[in-house]
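Q: What follows is structure-v8.tsv, made up of TSV, C-alpha atoms (C1' of nucleotides):
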chain	number	residue	atom	x	y	z
A	78	MET	CA	20.74	-7.88	-3.39
A	79	ILE	CA	18.09	-7.16	-0.79
A	80	ARG	CA	18.61	-8.56	2.68
A	81	VAL	CA	15.81	-8.77	5.23
A	82	ARG	CA	16.82	-7.83	8.75
A	83	ASP	CA	15.85	-10.38	11.39
A	84	LEU	CA	14.37	-7.92	13.86
A	85	HIS	CA	11.50	-10.08	15.10
A	86	SER	CA	9.68	-13.35	14.67
A	87	TRP	CA	6.24	-13.41	13.04
A	88	PRO	CA	3.54	-13.40	15.74
A	89	SER	CA	0.34	-15.41	15.68
A	90	THR	CA	-1.71	-13.28	18.04
A	91	GLU	CA	-2.89	-9.68	17.79
A	92	ALA	CA	-1.30	-8.70	21.09
A	93	GLU	CA	2.12	-9.93	19.96
A	94	ALA	CA	1.71	-8.21	16.61
A	95	ILE	CA	0.94	-4.87	18.24
A	96	ALA	CA	3.96	-5.28	20.50
A	97	VAL	CA	6.17	-5.81	17.44
A	98	GLN	CA	4.84	-2.65	15.80
A	99	GLU	CA	5.48	-0.55	18.89
A	100	ARG	CA	8.98	-1.95	19.24
A	101	LEU	CA	9.91	-1.26	15.59
A	102	ARG	CA	8.20	2.12	15.27
A	103	PRO	CA	11.18	4.08	16.66
A	104	LEU	CA	13.34	2.73	13.83
A	105	VAL	CA	11.42	4.66	11.15
A	106	ARG	CA	13.41	7.50	9.61
A	107	GLN	CA	11.91	10.36	7.66
A	108	THR	CA	15.18	11.75	6.25
A	109	GLY	CA	14.78	13.14	2.78
A	110	LEU	CA	15.81	11.14	-0.26
A	111	ASP	CA	19.34	12.19	-1.33
A	112	ARG	CA	18.31	12.33	-4.97
A	113	ALA	CA	15.30	11.55	-7.13
A	114	PRO	CA	14.94	7.74	-7.31
A	115	ALA	CA	15.78	6.21	-10.70
A	116	THR	CA	13.99	2.96	-9.95
A	117	ALA	CA	10.92	2.12	-7.88
A	118	ALA	CA	9.39	-1.19	-6.84
A	119	GLY	CA	5.68	-1.93	-6.81
A	120	LEU	CA	4.38	-4.51	-4.33
A	121	ASP	CA	0.99	-6.17	-4.26
A	122	VAL	CA	-0.71	-9.33	-3.07
A	123	ALA	CA	-3.49	-11.25	-4.81
A	124	TYR	CA	-5.67	-13.72	-2.92
A	125	VAL	CA	-6.56	-16.96	-4.63
A	126	GLY	CA	-9.85	-18.45	-3.51
A	127	ASP	CA	-10.68	-20.41	-0.36
A	128	ASP	CA	-8.06	-20.55	2.43
A	129	GLY	CA	-5.26	-18.06	2.96
A	130	ALA	CA	-3.50	-18.85	-0.31
A	131	LEU	CA	-1.95	-15.76	-1.85
A	132	VAL	CA	0.45	-14.56	-4.49
A	133	ALA	CA	2.95	-11.85	-3.62
A	134	ALA	CA	4.21	-9.90	-6.61
A	135	VAL	CA	6.96	-7.30	-6.94
A	136	THR	CA	7.99	-5.34	-10.01
A	137	VAL	CA	10.89	-2.92	-10.39
A	138	LEU	CA	10.30	-0.02	-12.78
A	139	ASP	CA	12.54	2.60	-14.34
A	140	VAL	CA	10.89	5.76	-13.02
A	141	THR	CA	11.62	7.72	-16.20
A	142	THR	CA	10.40	5.25	-18.80
A	143	LEU	CA	8.05	3.27	-16.52
A	144	THR	CA	9.57	0.13	-18.01
A	145	VAL	CA	9.66	-3.07	-15.96
A	146	LEU	CA	13.31	-3.91	-15.21
A	147	ASP	CA	12.78	-6.89	-12.93
A	148	SER	CA	10.08	-8.82	-11.10
A	149	ALA	CA	9.46	-11.67	-8.69
A	150	VAL	CA	6.48	-13.76	-7.59
A	151	VAL	CA	6.00	-15.88	-4.48
A	152	HIS	CA	3.13	-18.25	-3.74
A	153	ALA	CA	2.35	-18.65	-0.06
A	154	THR	CA	-0.35	-19.18	2.55
A	155	THR	CA	-1.26	-16.79	5.34
A	156	SER	CA	-2.49	-17.82	8.74
A	157	PHE	CA	-2.84	-14.31	10.10
A	158	PRO	CA	-6.40	-12.93	9.61
A	159	TYR	CA	-7.14	-9.57	8.06
A	160	VAL	CA	-7.26	-7.06	10.88
A	161	PRO	CA	-7.15	-3.33	10.08
A	162	GLY	CA	-3.98	-2.04	11.70
A	163	LEU	CA	-2.24	-5.41	11.51
A	164	PHE	CA	-2.27	-5.71	7.77
A	165	ALA	CA	1.49	-6.23	7.48
A	166	PHE	CA	1.40	-9.49	9.42
A	167	ARG	CA	-0.77	-10.92	6.67
A	168	GLU	CA	1.12	-9.75	3.60
A	169	ALA	CA	4.66	-8.77	4.58
A	170	PRO	CA	6.16	-12.27	5.00
A	171	ALA	CA	5.46	-13.25	1.39
A	172	LEU	CA	6.35	-9.80	0.04
A	173	LEU	CA	9.73	-9.93	1.80
A	174	ARG	CA	10.48	-13.31	0.23
A	175	ALA	CA	9.63	-11.85	-3.17
A	176	LEU	CA	11.93	-8.87	-2.53
A	177	GLU	CA	14.78	-11.25	-1.70
A	178	ARG	CA	14.39	-12.80	-5.13
A	179	LEU	CA	14.96	-9.56	-7.02
A	180	ARG	CA	18.14	-9.21	-9.04
A	181	VAL	CA	17.75	-5.44	-9.26
A	182	THR	CA	17.66	-3.52	-5.98
A	183	PRO	CA	15.08	-0.69	-6.27
A	184	ASN	CA	15.77	2.81	-4.92
A	185	VAL	CA	12.39	2.91	-3.20
A	186	LEU	CA	9.47	0.62	-2.37
A	187	VAL	CA	5.97	1.79	-3.30
A	188	CYS	CA	3.63	-0.17	-1.04
A	189	ASP	CA	-0.05	-0.87	-1.52
A	190	GLY	CA	-1.28	0.40	1.84
A	191	GLN	CA	-0.37	2.90	4.54
A	192	GLY	CA	2.94	3.98	6.05
A	193	LEU	CA	2.79	6.39	8.97
A	194	ALA	CA	-0.93	6.95	8.31
A	195	HIS	CA	-1.62	4.11	10.70
A	196	PRO	CA	-3.15	3.87	14.19
A	197	ARG	CA	0.27	3.14	15.72
A	198	ARG	CA	2.22	4.98	13.00
A	199	PHE	CA	3.64	1.74	11.64
A	200	GLY	CA	1.75	0.56	8.57
A	201	LEU	CA	2.90	-1.96	5.94
A	202	ALA	CA	5.19	0.56	4.22
A	203	CYS	CA	7.05	1.31	7.46
A	204	HIS	CA	7.33	-2.38	8.25
A	205	LEU	CA	8.78	-3.31	4.85
A	206	GLY	CA	11.05	-0.27	4.85
A	207	VAL	CA	12.51	-0.95	8.28
A	208	LEU	CA	13.03	-4.67	7.66
A	209	THR	CA	14.83	-4.10	4.35
A	210	ASP	CA	16.30	-0.74	5.37
A	211	LEU	CA	15.23	0.57	1.95
A	212	PRO	CA	13.40	3.87	1.37
A	213	SER	CA	9.67	3.19	1.18
A	214	ILE	CA	6.34	4.97	0.86
A	215	GLY	CA	2.75	3.91	1.37
A	216	VAL	CA	0.06	4.62	-1.24
A	217	GLY	CA	-3.36	3.55	-0.08
A	218	LYS	CA	-6.61	3.45	-2.03
A	219	ASN	CA	-8.55	4.22	1.13
A	220	SER	CA	-7.87	6.24	4.24
A	221	LEU	CA	-8.06	5.01	7.80
A	222	GLY	CA	-9.25	8.40	8.96
A	223	PRO	CA	-11.40	11.28	7.65
A	224	TYR	CA	-9.90	13.82	5.23
A	225	ASP	CA	-10.84	17.02	3.47
A	226	PRO	CA	-11.18	16.51	-0.30
A	227	PRO	CA	-8.22	18.13	-2.12
A	228	GLY	CA	-8.77	20.52	-5.06
A	229	ARG	CA	-10.01	18.97	-8.27
A	230	GLU	CA	-6.71	19.32	-10.17
A	231	ARG	CA	-3.97	16.69	-10.39
A	232	GLY	CA	-1.24	17.40	-7.86
A	233	GLU	CA	-3.47	19.11	-5.30
A	234	TRP	CA	-3.53	17.65	-1.82
A	235	THR	CA	-4.78	18.08	1.72
A	236	PRO	CA	-3.12	16.97	4.95
A	237	LEU	CA	-4.16	13.59	6.27
A	238	ARG	CA	-4.71	13.68	10.01
A	239	LEU	CA	-5.04	10.94	12.57
A	240	ASP	CA	-5.63	11.76	16.22
A	241	GLY	CA	-5.10	15.40	15.31
A	242	GLU	CA	-1.64	14.68	13.93
A	243	VAL	CA	-0.59	15.08	10.28
A	244	VAL	CA	0.37	11.59	9.10
A	245	GLY	CA	0.28	11.93	5.32
A	246	ARG	CA	-1.53	13.47	2.37
A	247	ALA	CA	-4.68	12.86	0.34
A	248	LEU	CA	-3.16	13.41	-3.13
A	249	ARG	CA	-5.12	13.97	-6.33
A	250	THR	CA	-3.42	12.01	-9.11
A	251	ARG	CA	-6.23	12.37	-11.67
A	252	PRO	CA	-8.55	15.36	-12.15
A	253	GLY	CA	-11.82	14.92	-10.32
A	254	VAL	CA	-11.02	11.35	-9.32
A	255	LYS	CA	-10.82	10.04	-5.76
A	256	PRO	CA	-7.37	10.86	-4.32
A	257	VAL	CA	-4.79	8.32	-3.13
A	258	PHE	CA	-3.44	8.38	0.41
A	259	VAL	CA	0.30	8.91	0.60
A	260	SER	CA	2.40	8.53	3.73
A	261	VAL	CA	6.04	8.03	4.59
A	262	GLY	CA	7.28	4.48	5.02
A	263	HIS	CA	11.00	4.82	5.78
A	264	ARG	CA	13.92	7.05	4.81
A	265	VAL	CA	11.77	9.40	2.73
A	266	ASP	CA	9.92	12.66	3.41
A	267	VAL	CA	6.29	13.28	2.41
A	268	GLU	CA	7.21	15.86	-0.20
A	269	SER	CA	9.50	13.44	-2.07
A	270	ALA	CA	6.92	10.68	-1.67
A	271	CYS	CA	4.19	12.75	-3.36
A	272	ALA	CA	6.56	13.91	-6.10
A	273	LEU	CA	7.35	10.27	-6.85
A	274	VAL	CA	3.69	9.25	-6.87
A	275	LEU	CA	2.94	12.00	-9.38
A	276	ARG	CA	5.75	10.77	-11.64
A	277	LEU	CA	4.27	7.28	-11.44
A	278	THR	CA	0.73	8.39	-12.29
A	279	PRO	CA	0.90	10.03	-15.72
A	280	ARG	CA	-2.22	8.19	-16.77
A	281	TYR	CA	-4.04	6.37	-13.98
A	282	ARG	CA	-5.10	7.05	-10.41
A	283	LEU	CA	-2.80	4.38	-8.96
A	284	PRO	CA	0.99	4.31	-9.46
A	285	GLU	CA	2.23	2.34	-12.44
A	286	THR	CA	4.29	0.33	-9.96
A	287	THR	CA	1.31	-1.07	-8.09
A	288	ARG	CA	-0.55	-1.61	-11.36
A	289	THR	CA	2.19	-3.79	-12.84
A	290	ALA	CA	2.59	-5.70	-9.58
A	291	ASP	CA	-1.17	-6.21	-9.38
A	292	ARG	CA	-1.30	-7.66	-12.88
A	293	LEU	CA	1.68	-9.91	-12.20
A	294	GLY	CA	0.03	-11.24	-9.06
A	295	ARG	CA	-3.23	-12.02	-10.82
A	296	ALA	CA	-1.41	-13.81	-13.59
A	297	GLY	CA	0.06	-16.08	-10.94
B	38	DG	C1'	-21.66	-2.54	24.35
B	39	DC	C1'	-21.79	-1.02	19.17
B	40	DG	C1'	-19.91	0.40	14.94
B	41	DA	C1'	-15.96	1.47	12.06
B	42	DC	C1'	-11.92	-0.55	10.00
B	43	DA	C1'	-5.33	-0.19	4.90
B	44	DG	C1'	-6.00	-5.07	1.73
C	269	DA	C1'	-9.12	-8.69	-1.10
C	270	DT	C1'	-13.18	-10.97	-3.91
C	271	DC	C1'	-17.97	-12.01	-6.02
C	272	DT	C1'	-19.53	-9.53	-11.22
C	273	DT	C1'	-22.53	-7.02	-16.99
C	274	DG	C1'	-23.53	-3.61	-18.80
C	275	DT	C1'	-23.13	1.04	-19.20
C	276	DC	C1'	-22.04	6.02	-19.14
C	277	DG	C1'	-18.43	9.15	-20.67
C	278	DC	C1'	-14.08	11.10	-22.68
Spell out the structure here as structure tokens.
A:
Amino acid sequence: MIRVRDLHSWPSTEAEAIAVQERLRPLVRQTGLDRAPATAAGLDVAYVGDDGALVAAVTVLDVTTLTVLDSAVVHATTSFPYVPGLFAFREAPALLRALERLRVTPNVLVCDGQGLAHPRRFGLACHLGVLTDLPSIGVGKNSLGPYDPPGRERGEWTPLRLDGEVVGRALRTRPGVKPVFVSVGHRVDVESACALVLRLTPRYRLPETTRTADRLGRAG
DNA sequence: GCGACAG
DNA sequence: ATCTTGTCGC
């Protein structure tokens, strides 16, 4: 089963949150995946109306058949506001609780957001990866920085830069459709991350993992 | 100071 | 993220 490492308490101010990110950043590892992952987890959060009520959903898929092997849902309330760069402090607590409820431990976490493609190189994917010590990757629908459009064909990509540093890739998963933004979360290399994303996108722009998690979250 | 800014 | 119908295209 998945165990969450108690590396820090959850801050309530932006300054504390930034301090946590800078303290955990050195723990990120980019070592390549030993072998192609057989299972992958999709994580997503749905917001329900007024306050900070949300639903964290996680699904575990067989990478070959794209069949859902396991899933978990957690209803919670966030107090941390949405601040670009501090996204994890809003969604990670509930997502971690959902991960702890899984009966099947996935080989890799596919997060809905950025990994190293983050202002302090510690996006949601890095945070979840380090706290669970599981391989993880970030697949964002939008980029935090500018990027050159990759070729029109599926599989083509361009380097994603931030502050002049390569932090990920803008990857085309569907011909002529807006690319997704892939970056390393923990214990994976960019090449393996993109290969996995392509396996998870035989039909749609977004990985099947995030699609199933998204649907589960909306269903409640 | 002003605008931009993962979900 | 979320509010939202029809419509254009494969």
Q: Pick out the chain B residues within 12 Å of chain A. Count all atoms listed in the file. Give them as an mmCIF file with C-alpha atoms (C1' of nucleotides), in the frame of the given file.
A:
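out.cif, freshly written:
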data_model
loop_
_atom_site.group_PDB
_atom_site.id
_atom_site.type_symbol
_atom_site.label_atom_id
_atom_site.label_comp_id
_atom_site.auth_asym_id
_atom_site.auth_seq_id
_atom_site.Cartn_x
_atom_site.Cartn_y
_atom_site.Cartn_z
ATOM 1 C "C1'" DA B 41 -15.960 1.470 12.060
ATOM 2 C "C1'" DC B 42 -11.920 -0.550 10.000
ATOM 3 C "C1'" DA B 43 -5.330 -0.190 4.900
ATOM 4 C "C1'" DG B 44 -6.000 -5.070 1.730
#
Q: Check every residue of chain C for an atom within 12 Å of chain A, counting all atoms listed in the file, and provide those that qualify as a ChimeraX atom specification.
A: /C:269-271
Q: Restricting the calculation to only C-alpha atoms: of A:Val135, A:Val140, A:Ala130, A:Val274, which residue gets closest to Ser156 in chain A?
A: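 Among the listed residues, the smallest separation from Ser156 in chain A belongs to A:Ala130.
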Q: Skip Gly253 in chain A itself and residues of its chain fewer than 5 positions away, then list as a PDB file with C-alpha atoms, in the frame of the given file all residues within 12 Å of it, counting all atoms listed in the file.
A:
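The resulting selection-v6.pdb:
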ATOM      1  CA  PRO A 226     -11.180  16.510  -0.300  1.00  0.00           C
ATOM      2  CA  PRO A 227      -8.220  18.130  -2.120  1.00  0.00           C
ATOM      3  CA  GLY A 228      -8.770  20.520  -5.060  1.00  0.00           C
ATOM      4  CA  ARG A 229     -10.010  18.970  -8.270  1.00  0.00           C
ATOM      5  CA  GLU A 230      -6.710  19.320 -10.170  1.00  0.00           C
ATOM      6  CA  ARG A 231      -3.970  16.690 -10.390  1.00  0.00           C
ATOM      7  CA  GLY A 232      -1.240  17.400  -7.860  1.00  0.00           C
ATOM      8  CA  GLU A 233      -3.470  19.110  -5.300  1.00  0.00           C
ATOM      9  CA  LEU A 248      -3.160  13.410  -3.130  1.00  0.00           C
ATOM     10  CA  ARG A 282      -5.100   7.050 -10.410  1.00  0.00           C
TER      11      ARG A 282
END
Q: What is the distance, in Å and to one decimal place, between CA of Ala153 in chain A and CA of Ala290 in chain A?
A: 16.1 Å
Q: Need the shell around range 264-271 of chain A: protein/DNA/RNA residues with any atom at most 6 Å away, counting all atoms listed in the file. Skip same-chain ones fewer than 2 positions apart. Format as a list in words?
A: Arg106, Gln107, Thr108, Gly109, Leu110, Pro212, Val261, Leu273 and Val274 of chain A
Q: Restrict the selected residues to C-alpha atoms and save them as a compact mmCIF listing (two decimals), keeping the file's coordinate frame.
A:
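So out-v2.txt came out as:
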# COMPACT_ATOMS: atom_id res chain seq x y z
CA ARG A 106 13.41 7.50 9.61
CA GLN A 107 11.91 10.36 7.66
CA THR A 108 15.18 11.75 6.25
CA GLY A 109 14.78 13.14 2.78
CA LEU A 110 15.81 11.14 -0.26
CA PRO A 212 13.40 3.87 1.37
CA VAL A 261 6.04 8.03 4.59
CA LEU A 273 7.35 10.27 -6.85
CA VAL A 274 3.69 9.25 -6.87
Q: Of the candidates A:Leu277, A:Ala169, A:Val181, A:Val257, which one gets nearest to Trp87 in chain A if we count only C-alpha atoms?
A: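 Of A:Leu277, A:Ala169, A:Val181, A:Val257, the one nearest Trp87 in chain A is A:Ala169, counting only C-alpha atoms.
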Q: When you draw a straight line from CA of Pro88 in chain A to CA of Thr155 in chain A, how long is it in Å?
A: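 Computing it gives 11.9 Å between the two atoms.
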Q: Using the file's own x, y and z axes, so that the box edges lie along x, y and z, what centre and edge lengths in Å (one decimal) does a box around every listed atom of chain B get when 8 Å is added on each side? Give it as AutoDock Vina command-line options.
A:
--center_x -13.6 --center_y -1.8 --center_z 13.0 --size_x 32.5 --size_y 22.5 --size_z 38.6
Q: Report, in Å with one decimal, the straight-line distance from CA of Ala247 in chain A to C1' of DC276 in chain C.
A: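 Between these atoms lies a distance of 27.0 Å.
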Q: Rank A:Thr116, A:Thr90, A:Thr141, A:Ser260 by their smallest atom-to-atom distance to Arg246 in chain A, using only C-alpha atoms, and report the top residue only.
A: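 Checking each candidate against Arg246 in chain A, we get A:Ser260 as the closest.
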Q: Considering all atoms listed in the file, return as a list in words whatever protein or nucleic-acid residues lie within 10 Å of Leu193 in chain A, sequence-local ones (same chain, fewer than 2 positions apart) excluded.
A: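 The residues satisfying every condition are Arg102, Val105, Gln191, His195, Pro196, Arg197, Arg198, Phe199, Gly200, Leu201, Ala202, Cys203, His204, Ile214, Gly215, Leu239, Val243, Val244, Gly245, Val259, Ser260, Val261, Gly262 and His263 of chain A.
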